[in-house]
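Dropping input-v2.txt in here (compact mmCIF, C-alpha atoms (C1' of nucleotides)):
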```
# COMPACT_ATOMS: atom_id res chain seq x y z
CA MET N 1 -5.27 9.53 -26.22
CA ALA N 2 -6.51 8.80 -29.76
CA PRO N 3 -8.90 11.47 -31.13
CA PRO N 4 -11.11 10.40 -34.05
CA ALA N 5 -9.13 12.52 -36.51
CA SER N 6 -5.48 11.51 -36.06
CA PRO N 7 -3.59 14.74 -35.34
CA LYS N 8 -0.52 13.65 -37.24
CA PRO N 9 -0.60 11.25 -40.16
CA LEU N 10 1.96 8.65 -39.15
CA ARG N 11 4.76 7.81 -41.47
CA ALA N 12 4.28 4.56 -43.38
CA ASP N 13 7.33 3.28 -41.60
CA THR N 14 5.98 3.95 -38.16
CA GLU N 15 2.58 2.54 -38.81
CA ARG N 16 4.03 -0.77 -39.89
CA THR N 17 6.11 -0.94 -36.74
CA VAL N 18 3.20 -0.07 -34.48
CA ARG N 19 1.05 -2.69 -36.10
CA ALA N 20 3.78 -5.28 -35.79
CA ILE N 21 4.19 -4.51 -32.10
CA LEU N 22 0.47 -4.68 -31.44
CA GLU N 23 0.06 -7.96 -33.26
CA ALA N 24 3.09 -9.44 -31.58
CA GLY N 25 1.85 -8.13 -28.25
CA GLU N 26 -1.49 -9.82 -28.72
CA GLN N 27 0.18 -13.02 -29.77
CA VAL N 28 2.78 -13.18 -27.03
CA LEU N 29 0.66 -11.89 -24.17
CA SER N 30 -2.18 -14.24 -24.93
CA ALA N 31 0.27 -17.08 -24.52
CA ASN N 32 1.88 -15.61 -21.43
CA PRO N 33 0.37 -12.55 -19.73
CA ALA N 34 3.61 -11.99 -17.85
CA ALA N 35 5.74 -11.84 -20.97
CA THR N 36 8.45 -9.21 -20.99
CA MET N 37 8.76 -6.24 -23.30
CA GLU N 38 11.81 -7.89 -24.82
CA GLN N 39 9.84 -10.98 -25.77
CA ILE N 40 7.20 -8.81 -27.39
CA ALA N 41 9.83 -6.79 -29.20
CA GLU N 42 11.54 -9.93 -30.42
CA ALA N 43 8.27 -11.35 -31.69
CA ALA N 44 7.59 -8.07 -33.47
CA GLY N 45 11.03 -8.10 -35.03
CA VAL N 46 12.07 -4.79 -33.52
CA ALA N 47 14.44 -3.65 -30.81
CA ARG N 48 13.18 -3.34 -27.28
CA THR N 49 13.91 0.36 -27.21
CA THR N 50 11.67 0.88 -30.21
CA VAL N 51 8.75 -0.52 -28.30
CA HIS N 52 9.41 1.99 -25.56
CA ARG N 53 9.66 4.74 -28.10
CA ARG N 54 6.18 3.97 -29.42
CA PHE N 55 4.58 3.14 -26.10
CA ALA N 56 5.74 5.14 -23.14
CA SER N 57 5.19 2.38 -20.63
CA ARG N 58 4.15 -1.20 -20.41
CA GLU N 59 0.75 -0.12 -19.23
CA ALA N 60 0.42 2.18 -22.23
CA LEU N 61 1.11 -0.75 -24.51
CA ILE N 62 -1.49 -2.87 -22.77
CA THR N 63 -4.05 -0.11 -23.06
CA ALA N 64 -3.30 0.49 -26.73
CA LEU N 65 -3.46 -3.23 -27.29
CA ALA N 66 -6.86 -3.44 -25.66
CA ALA N 67 -8.10 -0.53 -27.72
CA TRP N 68 -6.78 -2.04 -30.92
CA ALA N 69 -8.14 -5.53 -30.33
CA THR N 70 -11.46 -4.17 -29.17
CA GLN N 71 -11.66 -2.08 -32.31
CA ARG N 72 -11.07 -5.05 -34.58
CA PHE N 73 -13.58 -7.03 -32.58
CA HIS N 74 -16.10 -4.25 -32.95
CA GLU N 75 -15.60 -4.10 -36.70
CA ALA N 76 -16.14 -7.84 -36.96
CA VAL N 77 -19.47 -7.54 -35.20
CA GLU N 78 -20.56 -4.44 -37.09
CA ALA N 79 -19.84 -6.04 -40.45
CA ALA N 80 -22.50 -8.64 -39.72
CA ARG N 81 -25.22 -5.97 -39.42
CA PRO N 82 -26.63 -7.65 -36.32
CA GLN N 83 -29.37 -5.02 -35.99
CA THR N 84 -30.91 -5.38 -39.42
CA ALA N 85 -30.03 -8.75 -40.93
CA PRO N 86 -32.30 -11.69 -40.10
CA PRO N 87 -31.19 -12.78 -36.63
CA ALA N 88 -30.25 -16.32 -37.57
CA VAL N 89 -28.14 -15.01 -40.44
CA ALA N 90 -26.59 -12.36 -38.26
CA LEU N 91 -25.69 -14.96 -35.64
CA TYR N 92 -23.81 -16.96 -38.22
CA GLN N 93 -22.12 -13.92 -39.70
CA VAL N 94 -21.04 -12.58 -36.35
CA THR N 95 -19.64 -15.95 -35.45
CA ALA N 96 -17.67 -16.28 -38.65
CA ASN N 97 -16.39 -12.70 -38.54
CA VAL N 98 -15.28 -12.92 -34.95
CA LEU N 99 -13.60 -16.26 -35.51
CA ARG N 100 -11.66 -14.74 -38.37
CA VAL N 101 -10.39 -11.87 -36.27
CA LYS N 102 -9.88 -13.65 -33.03
CA THR N 103 -6.65 -15.53 -33.56
CA GLY N 104 -5.69 -15.60 -29.95
CA TRP N 105 -7.35 -12.50 -28.59
CA GLY N 106 -8.13 -14.33 -25.38
CA PHE N 107 -5.78 -11.87 -23.76
CA ALA N 108 -7.09 -8.52 -24.91
CA MET N 109 -10.68 -9.45 -24.16
CA GLY N 110 -10.65 -11.61 -21.08
CA ALA N 111 -7.62 -10.91 -18.96
CA LEU N 112 -8.03 -7.21 -19.40
CA PRO N 113 -9.89 -5.20 -16.78
CA THR N 114 -9.02 -2.14 -18.77
CA ASP N 115 -10.44 0.97 -17.24
CA ALA N 116 -9.71 3.10 -20.25
CA PRO N 117 -12.71 5.24 -21.19
CA GLU N 118 -12.88 4.57 -24.92
CA VAL N 119 -12.17 0.87 -24.71
CA ALA N 120 -14.87 0.32 -22.15
CA ARG N 121 -17.35 2.17 -24.32
CA VAL N 122 -16.70 0.12 -27.42
CA HIS N 123 -16.64 -3.01 -25.36
CA ALA N 124 -20.01 -2.19 -23.85
CA ASP N 125 -21.35 -1.43 -27.31
CA VAL N 126 -20.32 -4.85 -28.58
CA LEU N 127 -21.90 -6.44 -25.55
CA ALA N 128 -25.13 -4.54 -26.12
CA GLN N 129 -25.27 -5.52 -29.77
CA CYS N 130 -24.74 -9.12 -28.83
CA ALA N 131 -27.48 -8.94 -26.20
CA GLN N 132 -29.76 -7.26 -28.70
CA LEU N 133 -29.08 -9.98 -31.22
CA PHE N 134 -30.13 -12.62 -28.72
CA VAL N 135 -33.33 -10.73 -28.02
CA ARG N 136 -34.07 -10.73 -31.73
CA LEU N 137 -33.29 -14.43 -31.89
CA ARG N 138 -35.75 -15.05 -29.08
CA ASP N 139 -38.44 -12.89 -30.68
CA ALA N 140 -37.92 -14.73 -33.96
CA GLY N 141 -38.61 -18.02 -32.22
CA VAL N 142 -35.10 -19.37 -32.65
CA LEU N 143 -34.74 -19.29 -28.89
CA PRO N 144 -37.55 -20.17 -26.48
CA PRO N 145 -39.35 -17.26 -24.79
CA ASP N 146 -38.05 -18.15 -21.35
CA THR N 147 -34.39 -18.20 -22.42
CA ASP N 148 -31.89 -16.86 -19.92
CA LEU N 149 -30.28 -14.38 -22.27
CA ASP N 150 -27.27 -13.80 -20.05
CA TRP N 151 -26.48 -17.49 -19.90
CA ALA N 152 -27.06 -17.72 -23.64
CA ARG N 153 -24.58 -14.97 -24.33
CA ARG N 154 -21.99 -16.46 -22.02
CA VAL N 155 -22.32 -19.87 -23.60
CA TYR N 156 -21.93 -18.26 -26.98
CA TYR N 157 -18.75 -16.48 -25.90
CA ALA N 158 -17.38 -19.68 -24.42
CA LEU N 159 -18.05 -21.64 -27.58
CA ILE N 160 -16.43 -19.03 -29.75
CA HIS N 161 -13.46 -18.90 -27.46
CA GLU N 162 -13.11 -22.65 -27.62
CA ALA N 163 -13.54 -22.81 -31.36
CA ALA N 164 -10.97 -20.07 -31.84
CA SER N 165 -8.31 -22.17 -30.14
CA GLN N 166 -7.75 -23.94 -33.45
CA ALA N 167 -7.04 -21.25 -35.98
CA PRO N 168 -8.84 -21.90 -39.26
CA ASP N 169 -6.48 -21.70 -42.22
CA THR N 170 -8.96 -21.64 -45.06
CA ASP N 171 -12.35 -20.04 -45.62
CA ALA N 172 -13.88 -23.49 -45.74
CA ALA N 173 -12.46 -24.31 -42.33
CA LEU N 174 -13.73 -21.00 -41.04
CA ASP N 175 -17.27 -21.68 -42.20
CA SER N 176 -17.07 -25.18 -40.87
CA LEU N 177 -16.07 -23.88 -37.46
CA ALA N 178 -18.76 -21.20 -37.44
CA THR N 179 -21.38 -23.76 -38.39
CA ARG N 180 -20.27 -26.02 -35.62
CA VAL N 181 -20.43 -23.22 -33.07
CA VAL N 182 -23.93 -22.14 -34.09
CA GLU N 183 -25.21 -25.71 -34.26
CA THR N 184 -23.79 -26.56 -30.86
CA LEU N 185 -25.16 -23.36 -29.39
CA LEU N 186 -28.66 -24.04 -30.62
CA HIS N 187 -28.91 -27.82 -30.42
CA GLY N 188 -26.12 -29.01 -28.17
CA ILE N 189 -24.28 -32.20 -28.92
CA GLY N 190 -26.91 -34.72 -27.85
CA THR N 191 -29.28 -36.66 -30.04
CA SER N 192 -32.07 -34.30 -30.99
CA THR N 193 -34.76 -36.82 -30.07
CA ALA N 194 -33.46 -37.33 -26.53
CA ASN N 195 -35.24 -36.18 -23.38
CA MET E 1 8.76 -34.77 -4.81
CA ALA E 2 5.79 -36.23 -2.87
CA PRO E 3 6.03 -39.99 -2.37
CA PRO E 4 2.73 -41.81 -1.69
CA ALA E 5 3.67 -42.39 1.95
CA SER E 6 4.62 -38.98 3.36
CA PRO E 7 8.09 -39.37 4.85
CA LYS E 8 7.39 -37.06 7.78
CA PRO E 9 3.95 -36.49 9.24
CA LEU E 10 3.62 -32.74 9.13
CA ARG E 11 2.79 -30.83 12.24
CA ALA E 12 -0.84 -29.72 12.45
CA ASP E 13 0.45 -26.19 12.42
CA THR E 14 2.37 -26.55 9.21
CA GLU E 15 -0.34 -28.33 7.35
CA ARG E 16 -2.79 -25.55 8.02
CA THR E 17 -0.32 -23.00 6.72
CA VAL E 18 0.46 -24.97 3.60
CA ARG E 19 -3.21 -25.39 2.83
CA ALA E 20 -3.86 -21.70 3.40
CA ILE E 21 -1.05 -20.78 1.02
CA LEU E 22 -2.24 -23.19 -1.66
CA GLU E 23 -5.81 -21.99 -1.47
CA ALA E 24 -4.74 -18.36 -1.48
CA GLY E 25 -2.41 -19.08 -4.35
CA GLU E 26 -5.18 -20.61 -6.40
CA GLN E 27 -7.47 -17.71 -5.58
CA VAL E 28 -5.02 -14.92 -6.26
CA LEU E 29 -3.28 -16.41 -9.27
CA SER E 30 -6.53 -17.24 -11.02
CA ALA E 31 -7.42 -13.57 -10.76
CA ASN E 32 -3.96 -12.41 -11.79
CA PRO E 33 -1.37 -14.89 -13.06
CA ALA E 34 1.36 -12.33 -12.50
CA ALA E 35 0.54 -11.79 -8.85
CA THR E 36 3.51 -11.46 -6.51
CA MET E 37 4.46 -13.75 -3.66
CA GLU E 38 3.59 -10.97 -1.28
CA GLN E 39 0.04 -10.78 -2.57
CA ILE E 40 -0.34 -14.52 -2.18
CA ALA E 41 1.13 -14.41 1.30
CA GLU E 42 -1.18 -11.59 2.27
CA ALA E 43 -4.21 -13.46 0.97
CA ALA E 44 -3.10 -16.51 2.92
CA GLY E 45 -2.67 -14.45 6.06
CA VAL E 46 1.00 -15.30 6.48
CA ALA E 47 4.28 -13.50 6.10
CA ARG E 48 6.02 -13.55 2.77
CA THR E 49 9.04 -15.32 4.27
CA THR E 50 6.83 -18.16 5.43
CA VAL E 51 5.77 -18.82 1.88
CA HIS E 52 9.40 -19.07 0.89
CA ARG E 53 10.05 -21.37 3.80
CA ARG E 54 7.39 -23.82 2.61
CA PHE E 55 8.04 -23.44 -1.10
CA ALA E 56 11.63 -22.94 -2.11
CA SER E 57 10.85 -20.90 -5.18
CA ARG E 58 7.96 -19.36 -7.01
CA GLU E 59 8.12 -22.15 -9.52
CA ALA E 60 7.95 -24.71 -6.72
CA LEU E 61 4.80 -23.07 -5.44
CA ILE E 62 3.24 -23.12 -8.88
CA THR E 63 4.10 -26.77 -9.31
CA ALA E 64 2.73 -27.71 -5.90
CA LEU E 65 -0.35 -25.69 -6.65
CA ALA E 66 -0.89 -27.53 -9.90
CA ALA E 67 -0.41 -30.86 -8.18
CA TRP E 68 -2.83 -29.94 -5.43
CA ALA E 69 -5.54 -28.58 -7.69
CA THR E 70 -5.17 -31.48 -10.08
CA GLN E 71 -5.53 -33.87 -7.18
CA ARG E 72 -8.74 -32.29 -5.99
CA PHE E 73 -10.01 -32.27 -9.53
CA HIS E 74 -9.17 -35.93 -9.88
CA GLU E 75 -11.02 -36.79 -6.68
CA ALA E 76 -14.08 -34.93 -7.89
CA VAL E 77 -14.14 -37.00 -11.07
CA GLU E 78 -13.40 -40.27 -9.32
CA ALA E 79 -16.20 -39.79 -6.83
CA ALA E 80 -18.69 -39.86 -9.69
CA ARG E 81 -17.62 -43.42 -10.69
CA PRO E 82 -17.60 -42.44 -14.37
CA GLN E 83 -16.57 -45.94 -15.44
CA THR E 84 -19.39 -47.86 -13.80
CA ALA E 85 -22.34 -45.61 -13.15
CA PRO E 86 -24.88 -45.16 -15.96
CA PRO E 87 -23.26 -42.63 -18.28
CA ALA E 88 -26.01 -40.04 -18.07
CA VAL E 89 -25.89 -40.19 -14.29
CA ALA E 90 -22.12 -40.05 -14.26
CA LEU E 91 -22.16 -37.01 -16.52
CA TYR E 92 -24.35 -35.18 -14.07
CA GLN E 93 -22.36 -36.29 -11.06
CA VAL E 94 -19.04 -35.34 -12.60
CA THR E 95 -20.43 -31.96 -13.49
CA ALA E 96 -21.75 -31.30 -10.00
CA ASN E 97 -18.61 -32.56 -8.28
CA VAL E 98 -16.28 -30.54 -10.45
CA LEU E 99 -18.37 -27.43 -10.04
CA ARG E 100 -18.16 -27.82 -6.28
CA VAL E 101 -14.39 -28.06 -6.31
CA LYS E 102 -13.61 -25.60 -9.01
CA THR E 103 -14.12 -22.23 -7.37
CA GLY E 104 -11.76 -20.37 -9.59
CA TRP E 105 -9.36 -23.06 -10.69
CA GLY E 106 -9.12 -21.46 -14.10
CA PHE E 107 -5.50 -20.90 -13.23
CA ALA E 108 -4.27 -24.29 -12.14
CA MET E 109 -5.92 -26.09 -15.02
CA GLY E 110 -5.71 -23.80 -18.00
CA ALA E 111 -2.85 -21.41 -17.64
CA LEU E 112 -0.53 -24.13 -16.45
CA PRO E 113 1.70 -25.91 -18.94
CA THR E 114 3.15 -27.80 -16.00
CA ASP E 115 5.73 -30.31 -17.07
CA ALA E 116 5.85 -32.02 -13.71
CA PRO E 117 5.71 -35.81 -14.11
CA GLU E 118 3.04 -36.66 -11.54
CA VAL E 119 0.75 -33.78 -12.38
CA ALA E 120 0.77 -34.60 -16.05
CA ARG E 121 -0.07 -38.22 -15.29
CA VAL E 122 -3.09 -37.40 -13.13
CA HIS E 123 -4.18 -34.80 -15.61
CA ALA E 124 -3.99 -37.29 -18.43
CA ASP E 125 -5.92 -39.76 -16.34
CA VAL E 126 -8.74 -37.30 -15.81
CA LEU E 127 -8.76 -36.53 -19.49
CA ALA E 128 -8.93 -40.22 -20.34
CA GLN E 129 -11.79 -40.81 -17.94
CA CYS E 130 -13.66 -37.90 -19.43
CA ALA E 131 -13.08 -39.18 -22.94
CA GLN E 132 -14.18 -42.65 -21.87
CA LEU E 133 -17.34 -41.22 -20.36
CA PHE E 134 -18.20 -39.57 -23.64
CA VAL E 135 -17.65 -42.84 -25.47
CA ARG E 136 -20.08 -44.50 -23.07
CA LEU E 137 -22.56 -41.69 -23.60
CA ARG E 138 -22.34 -42.21 -27.32
CA ASP E 139 -22.73 -45.97 -27.04
CA ALA E 140 -25.74 -45.46 -24.80
CA GLY E 141 -27.38 -43.37 -27.49
CA VAL E 142 -27.25 -40.13 -25.55
CA LEU E 143 -24.90 -38.79 -28.17
CA PRO E 144 -25.23 -39.53 -31.89
CA PRO E 145 -22.84 -42.14 -33.32
CA ASP E 146 -21.02 -39.60 -35.46
CA THR E 147 -20.26 -37.27 -32.57
CA ASP E 148 -16.88 -35.53 -32.63
CA LEU E 149 -15.81 -36.62 -29.17
CA ASP E 150 -12.97 -34.15 -28.95
CA TRP E 151 -15.25 -31.24 -29.71
CA ALA E 152 -17.78 -32.63 -27.26
CA ARG E 153 -15.24 -32.77 -24.48
CA ARG E 154 -14.00 -29.27 -25.20
CA VAL E 155 -17.50 -27.86 -25.22
CA TYR E 156 -18.13 -29.61 -21.93
CA TYR E 157 -15.00 -28.10 -20.39
CA ALA E 158 -15.93 -24.67 -21.68
CA LEU E 159 -19.43 -24.88 -20.24
CA ILE E 160 -18.17 -25.99 -16.85
CA HIS E 161 -15.61 -23.24 -16.88
CA GLU E 162 -18.28 -20.71 -17.69
CA ALA E 163 -20.70 -22.04 -15.11
CA ALA E 164 -18.02 -22.02 -12.45
CA SER E 165 -17.56 -18.29 -12.84
CA GLN E 166 -20.50 -17.78 -10.55
CA ALA E 167 -19.73 -19.71 -7.39
CA PRO E 168 -22.77 -21.60 -6.13
CA ASP E 169 -23.42 -20.91 -2.44
CA THR E 170 -25.96 -23.62 -1.71
CA ASP E 171 -26.42 -27.22 -2.76
CA ALA E 172 -29.58 -26.21 -4.57
CA ALA E 173 -27.68 -23.65 -6.59
CA LEU E 174 -25.02 -26.22 -7.33
CA ASP E 175 -27.55 -28.70 -8.69
CA SER E 176 -29.24 -25.97 -10.63
CA LEU E 177 -25.95 -25.04 -12.26
CA ALA E 178 -25.04 -28.64 -13.02
CA THR E 179 -28.43 -29.21 -14.56
CA ARG E 180 -28.04 -26.17 -16.71
CA VAL E 181 -24.62 -27.27 -17.92
CA VAL E 182 -25.78 -30.77 -18.83
CA GLU E 183 -28.94 -29.52 -20.51
CA THR E 184 -27.06 -26.95 -22.52
CA LEU E 185 -24.42 -29.47 -23.48
CA LEU E 186 -26.99 -31.95 -24.76
CA HIS E 187 -29.70 -29.73 -26.18
CA GLY E 188 -28.18 -26.31 -26.65
CA ILE E 189 -30.18 -23.18 -25.98
CA GLY E 190 -32.38 -23.16 -29.05
CA THR E 191 -35.98 -24.32 -29.34
CA SER E 192 -35.90 -28.11 -29.49
CA THR E 193 -38.23 -28.21 -32.51
CA ALA E 194 -36.05 -25.96 -34.63
CA ASN E 195 -34.10 -27.09 -37.67
C1' DA L 1 6.30 -28.23 31.67
C1' DA L 2 10.19 -28.88 28.41
C1' DG L 3 11.93 -29.42 24.07
C1' DA L 4 11.28 -29.02 19.19
C1' DC L 5 9.45 -26.68 15.77
C1' DT L 6 7.25 -22.76 13.33
C1' DT L 7 6.16 -18.07 12.52
C1' DG L 8 6.76 -13.01 12.01
C1' DC L 9 9.82 -9.36 11.48
C1' DA L 10 13.61 -6.86 9.81
C1' DA L 11 17.51 -6.58 7.15
C1' DC L 12 20.19 -7.80 3.23
C1' DA L 13 21.73 -9.42 -1.34
C1' DT L 14 20.63 -10.30 -6.09
C1' DC L 15 18.55 -10.23 -10.44
C1' DG L 16 15.68 -9.20 -14.15
C1' DA L 17 12.46 -5.84 -16.14
C1' DT L 18 11.51 -1.24 -17.09
C1' DG L 19 12.53 3.06 -18.95
C1' DA L 20 15.64 6.85 -20.79
C1' DC L 21 19.59 8.62 -23.71
C1' DG L 22 22.83 9.56 -27.49
C1' DC L 23 24.66 8.30 -31.72
C1' DA L 24 25.40 6.11 -36.16
C1' DT L 25 22.78 4.15 -39.79
C1' DG L 26 18.89 3.52 -42.62
C1' DT L 27 13.95 5.06 -44.55
C1' DT L 28 10.47 8.11 -45.93
C1' DC L 29 8.52 12.05 -47.70
C1' DT L 30 8.69 16.22 -50.82
C1' DA W 1 18.82 14.92 -53.48
C1' DG W 2 18.06 16.61 -49.09
C1' DA W 3 15.63 17.37 -44.86
C1' DA W 4 13.21 15.01 -41.38
C1' DC W 5 12.39 11.18 -39.03
C1' DA W 6 12.74 6.17 -37.43
C1' DT W 7 15.48 2.40 -36.02
C1' DG W 8 19.18 -0.48 -33.83
C1' DC W 9 22.58 -0.75 -30.45
C1' DG W 10 25.03 0.10 -26.42
C1' DT W 11 24.79 2.21 -22.00
C1' DC W 12 23.03 3.56 -17.71
C1' DA W 13 19.79 4.29 -13.78
C1' DT W 14 16.09 2.58 -11.07
C1' DC W 15 12.76 -0.28 -9.04
C1' DG W 16 10.27 -4.17 -7.62
C1' DA W 17 10.28 -9.15 -6.92
C1' DT W 18 12.71 -13.00 -5.34
C1' DG W 19 15.18 -15.46 -2.07
C1' DT W 20 18.11 -15.80 2.36
C1' DT W 21 19.29 -15.31 7.17
C1' DG W 22 19.15 -14.42 12.30
C1' DC W 23 16.47 -13.74 16.19
C1' DA W 24 12.59 -13.22 19.39
C1' DA W 25 8.06 -14.85 20.33
C1' DG W 26 4.53 -18.12 19.75
C1' DT W 27 2.59 -23.01 19.00
C1' DC W 28 2.60 -27.89 19.00
C1' DT W 29 3.82 -32.45 20.71
C1' DT W 30 4.62 -35.76 24.43
```
Starting from the file, lay out its structure as structure tokens.
Amino acid sequence: MAPPASPKPLRADTERTVRAILEAGEQVLSANPAATMEQIAEAAGVARTTVHRRFASREALITALAAWATQRFHEAVEAARPQTAPPAVALYQVTANVLRVKTGWGFAMGALPTDAPEVARVHADVLAQCAQLFVRLRDAGVLPPDTDLDWARRVYYALIHEAASQAPDTDAALDSLATRVVETLLHGIGTSTAN
Amino acid sequence: MAPPASPKPLRADTERTVRAILEAGEQVLSANPAATMEQIAEAAGVARTTVHRRFASREALITALAAWATQRFHEAVEAARPQTAPPAVALYQVTANVLRVKTGWGFAMGALPTDAPEVARVHADVLAQCAQLFVRLRDAGVLPPDTDLDWARRVYYALIHEAASQAPDTDAALDSLATRVVETLLHGIGTSTAN
DNA sequence: AAGACTTGCAACATCGATGACGCATGTTCT
DNA sequence: AGAACATGCGTCATCGATGTTGCAAGTCTT
């Protein structure tokens, strides 16, 4: 559907519209997965027919949306260099980057059993990088050797998801949130001397 | 809609059907919030018309579903005596009880901005009890004095939600899960000596 | 067993969402 | 400026989901 080299350079006009629709779609659908095309169009500031012109069907929009959101998510992870940076640093960077991007992506990531080929691949890649990062964290001694890495990853996702529910408005707030997520992930919320 | 003393004792027949529909509704809608009445009816093993006979409209079903799930949730919390039991014990008990009940209630709790009067009241009550429990945990020294109680509660919810994604089949598995949730909540997943 | 109630089935009506056009009016690119 | 393209708007067709009703067969209560 979307070859690496775009076959036709879209007109500036069109690209803006497509972006607006995708962003609005993410926004609206995350709030209500059963939202209508009209609601999405309205949120995007375009006519309903325009949405249909750009995306043949509702399903096509959903797929494109998943691909788009996944792409942005992937970029956020990549930018943290999780493979090469010191694992503790990478963990923080990934957290901050993802929190910046994820302003209500709960839809495109969670509620989407997208069976599109490309999306699944990128998604799996992100998952693998995340898993790899946790392995490095364990090997670096940040996590104990007997850590259940699957549980660790899921807790991490859950914390990020929760933290992302309040959108940070400034960079300071973003860093504050990321710090909180990492701290909670590693040390929990109890008194460190307990148990 | 549902006075404390039920005006007419339902026939055994009817009650079974209603329960089946509610359970199926919870199950199906948590998997797909946009599921049709037919899918719910099918999952409940009844005809679609029967669903409409018991619940006037789709909205009525959703509302009843919210009320029902909230009720079960409330019972699970109550049974742990969060106000009187030692806070650490209560935390564990609440966790275990909720995990037992919540086999895919992600729908009725999260995706439901139900504005029904009774539901909202019970929901608020549960929230208050949870908040109160965290206050008691803090006062008991399990949590540090400067704990952000709102963040603590949200992390707790998120962890339970995550843990509930894999339904425990035995009591042992249930306790194992509850332990894991409480441990993670208090100590995180990092090495305890770190930082 | 008899009456009251419930369920399944089939048929029907309705309504909103989806999707497709054509046309007049902007926008963009060259 | 001029060609090419995108958009908004109104219109129309279609389809699936919702909700209703009548009737025959089954289930529960007493």
Please report as a tab-separated table every residue of chain L lying within 10 Å of chain E, along with the nearest atom pair and their distance in Å (one decimal), using only C-alpha atoms (C1' of nucleotides).
```
residue	atom	partner	partner_atom	distance
L:DC5	C1'	E:Arg11	CA	8.6
L:DT6	C1'	E:Thr14	CA	7.4
L:DT7	C1'	E:Thr50	CA	7.1
L:DG8	C1'	E:Ala47	CA	6.4
L:DC9	C1'	E:Ala47	CA	8.8
```
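Shortest atom-to-atom contact with chain E among N:Ala34, N:Ala69, N:Leu137, N:Ile62: N:Ala34, counting all atoms listed in the file.
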Residues near Leu133 (chain E), cut-off 10 Å, all atoms listed in the file, skip fewer than 6 positions along chain, as a PyMOL selection string
chain E and resi 81-88+90-91+94+127+139+153
Would you kindly return, as a VMD selection string, each protein, DNA or RNA residue with an atom no farther than 12 Å from any atom of region 12-27 of chain L, considering all atoms listed in the file and excluding same-chain residues fewer than 3 positions away?
(chain N and resid 11 to 14 34 to 39 48 to 53 55 to 59) or (chain W and resid 4 to 22)
Save out the residues we just selected, C-alpha atoms (C1' of nucleotides), as an mmCIF file, keeping the file's coordinate frame.
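Written file, selection-v9.cif:
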```cif
data_model
loop_
_atom_site.group_PDB
_atom_site.id
_atom_site.type_symbol
_atom_site.label_atom_id
_atom_site.label_comp_id
_atom_site.auth_asym_id
_atom_site.auth_seq_id
_atom_site.Cartn_x
_atom_site.Cartn_y
_atom_site.Cartn_z
ATOM 1 C CA ARG N 11 4.760 7.810 -41.470
ATOM 2 C CA ALA N 12 4.280 4.560 -43.380
ATOM 3 C CA ASP N 13 7.330 3.280 -41.600
ATOM 4 C CA THR N 14 5.980 3.950 -38.160
ATOM 5 C CA ALA N 34 3.610 -11.990 -17.850
ATOM 6 C CA ALA N 35 5.740 -11.840 -20.970
ATOM 7 C CA THR N 36 8.450 -9.210 -20.990
ATOM 8 C CA MET N 37 8.760 -6.240 -23.300
ATOM 9 C CA GLU N 38 11.810 -7.890 -24.820
ATOM 10 C CA GLN N 39 9.840 -10.980 -25.770
ATOM 11 C CA ARG N 48 13.180 -3.340 -27.280
ATOM 12 C CA THR N 49 13.910 0.360 -27.210
ATOM 13 C CA THR N 50 11.670 0.880 -30.210
ATOM 14 C CA VAL N 51 8.750 -0.520 -28.300
ATOM 15 C CA HIS N 52 9.410 1.990 -25.560
ATOM 16 C CA ARG N 53 9.660 4.740 -28.100
ATOM 17 C CA PHE N 55 4.580 3.140 -26.100
ATOM 18 C CA ALA N 56 5.740 5.140 -23.140
ATOM 19 C CA SER N 57 5.190 2.380 -20.630
ATOM 20 C CA ARG N 58 4.150 -1.200 -20.410
ATOM 21 C CA GLU N 59 0.750 -0.120 -19.230
ATOM 22 C "C1'" DA W 4 13.210 15.010 -41.380
ATOM 23 C "C1'" DC W 5 12.390 11.180 -39.030
ATOM 24 C "C1'" DA W 6 12.740 6.170 -37.430
ATOM 25 C "C1'" DT W 7 15.480 2.400 -36.020
ATOM 26 C "C1'" DG W 8 19.180 -0.480 -33.830
ATOM 27 C "C1'" DC W 9 22.580 -0.750 -30.450
ATOM 28 C "C1'" DG W 10 25.030 0.100 -26.420
ATOM 29 C "C1'" DT W 11 24.790 2.210 -22.000
ATOM 30 C "C1'" DC W 12 23.030 3.560 -17.710
ATOM 31 C "C1'" DA W 13 19.790 4.290 -13.780
ATOM 32 C "C1'" DT W 14 16.090 2.580 -11.070
ATOM 33 C "C1'" DC W 15 12.760 -0.280 -9.040
ATOM 34 C "C1'" DG W 16 10.270 -4.170 -7.620
ATOM 35 C "C1'" DA W 17 10.280 -9.150 -6.920
ATOM 36 C "C1'" DT W 18 12.710 -13.000 -5.340
ATOM 37 C "C1'" DG W 19 15.180 -15.460 -2.070
ATOM 38 C "C1'" DT W 20 18.110 -15.800 2.360
ATOM 39 C "C1'" DT W 21 19.290 -15.310 7.170
ATOM 40 C "C1'" DG W 22 19.150 -14.420 12.300
#
```
Define the interface residues of chain E facing chain N as those within 9 Å, counting only C-alpha atoms, and report them as a PyMOL selection string.
chain E and resi 31-34+111+138+141-144+147-148+151-152+154-155+158-159+161-163+183-195
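Distances to Val122 (chain E) were evaluated for E:Ala140, E:Val77, E:Val89, E:Ala164 using all atoms listed in the file, and the minimum falls at E:Val77.
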Just how far from C1' of DA3 (chain W) is C1' of DC29 (chain L), in Å to one decimal?
9.3 Å
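With all atoms listed in the file as the basis for measurement, E:Glu118 is the residue among E:Ala96, E:Glu118, E:Gly45, E:Arg54 that approaches Trp68 (chain E) most closely.
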Find the axis-aligned box for region 13-27 of chain W, covering all its listed atoms and adding 5 Å on each side, and write its centre and edge lengths in Å to one decimal as JSON.
```
{"center_x": 11.2, "center_y": -9.4, "center_z": 3.3, "size_x": 27.2, "size_y": 37.3, "size_z": 44.1}
```
